[in-house]
Amino acid sequence: MSNITKEYILTELNSLLKAKNVLDYSFQKCKKITLNSDYSDEEHEHLEAFTSRFARLSDLIIQKTFRLIDYLDLEESLTVRDRIMAAEKKELIESAQKLIEIRALRNKIAHDYVLKSIDSIFEETLLSTEFLMNAVDRIENYIFKKYL
């Protein structure tokens with residue numbers, strides 16, 4: 001292993017697990033909301049928190065965790081696509097294509113949020129959440145088997 005300590009790896013893994021748990025909390029609330037574009041203020045607040053947490057977890061997985069794993073595995077990933085493809089080969093994710101779609105959704109959440117597409121954003125996020133949470137479980141198993 002490199003000069004990265006086990007404590008650092010555990011700290012990063014704990015951050016990932018906390019982000020997953022926070023997303024799951026929002027997911028449990030939001031999957032009960034009927035998508036209809038006419039949300040109460042409370043529903044809208046829940047959906048906003050949910051999409052924000054989804055985007056944050058996807059960033060944490062792709063930008064930080066996959067980069068760390070590539071570093072530990074002595075591999076160089078130059079682009080986001082490289083990291084995603086390597087993650088699929090390591091079986092950290094079920095599908096590179098699905099994570100690429102999640103990355104596009106994350107960009108839509110972060111940059112293109114408009115009221116007319118609110119239902120499709122929420123629906124796509126709801127449908128993609130379990131994929132992200134499963135990825136965290138796979139990452140945790142990989143890290144424990146290989147580095148802890």
# chains A, B, ... in the order shown; residues from 1 in each chain; ligands from 1
$ select_by_dssp --residues "stretch 9-87 of chain A" --states "helix (DSSP H, G or I)" --output "PyMOL selection string"
chain A and resi 9-30+41-72+80-87
$ residues_around --residues "stretch 119-136 of chain A" --least-positions-apart "3" --cutoff "6 Å" --atoms "only C-alpha atoms" --output "PyMOL selection string"
chain A and resi 92-93+139
$ write_last_selection --atoms "N, CA and C atoms" --output "PDB file, in the first residue's frame"
ATOM      1  N   LEU A  92     -16.973  -2.627  -8.382  1.00  0.00           N
ATOM      2  CA  LEU A  92     -17.440  -1.663  -7.384  1.00  0.00           C
ATOM      3  C   LEU A  92     -18.830  -1.152  -7.738  1.00  0.00           C
ATOM      4  N   ILE A  93     -19.160  -1.245  -9.017  1.00  0.00           N
ATOM      5  CA  ILE A  93     -20.477  -0.868  -9.515  1.00  0.00           C
ATOM      6  C   ILE A  93     -20.950  -1.960 -10.472  1.00  0.00           C
ATOM      7  N   ILE A 139     -18.162  -0.929  -2.451  1.00  0.00           N
ATOM      8  CA  ILE A 139     -16.915  -0.222  -2.145  1.00  0.00           C
ATOM      9  C   ILE A 139     -16.428  -0.600  -0.752  1.00  0.00           C
TER      10      ILE A 139
END
$ atom_distance --atom1 "atom CA of A:Arg106" --atom2 "atom CA of A:Ala87"
18.1 Å
$ residues_around --residues "A:Thr5" --least-positions-apart "6" --cutoff "10 Å" --atoms "only C-alpha atoms" --output "JSON, numbers by chain"
{"A": [11, 147, 148]}
$ write_last_selection --atoms "C-alpha atoms" --output "PDB file, in the first residue's frame"
ATOM      1  CA  THR A  11     -12.050   8.146   7.724  1.00  0.00           C
ATOM      2  CA  TYR A 147      -6.851  -2.679   2.526  1.00  0.00           C
ATOM      3  CA  LEU A 148      -8.129  -3.091   6.079  1.00  0.00           C
TER       4      LEU A 148
END
$ closest_residue --among "A:Val80, A:Ala55, A:Leu60, A:Leu47" --to "A:Asn14" --atoms "only C-alpha atoms"
A:Leu60
$ atom_distance --atom1 "atom CA of A:Glu75" --atom2 "atom CA of A:Asn21"
29.1 Å
$ atom_distance --atom1 "atom CA of A:Arg138" --atom2 "atom CA of A:Ile102"
16.9 Å
$ closest_residue --among "A:Arg81, A:Lys90, A:Lys32, A:His111" --to "A:Ser52" --atoms "only C-alpha atoms"
A:His111
$ closest_residue --among "A:His46, A:Ile100, A:Lys20, A:Arg83" --to "A:Lys64" --atoms "only C-alpha atoms"
A:Arg83
$ closest_residue --among "A:Leu10, A:Leu68, A:Leu17, A:Ala49" --to "A:Lys29" --atoms "only C-alpha atoms"
A:Ala49
$ closest_residue --among "A:Arg103, A:Glu91, A:Phe50, A:Ala96" --to "A:Gln63" --atoms "only C-alpha atoms"
A:Arg103
$ closest_residue --among "A:Ala110, A:Cys30, A:Ile143, A:Ile69" --to "A:Ile84" --atoms "only C-alpha atoms"
A:Ile69
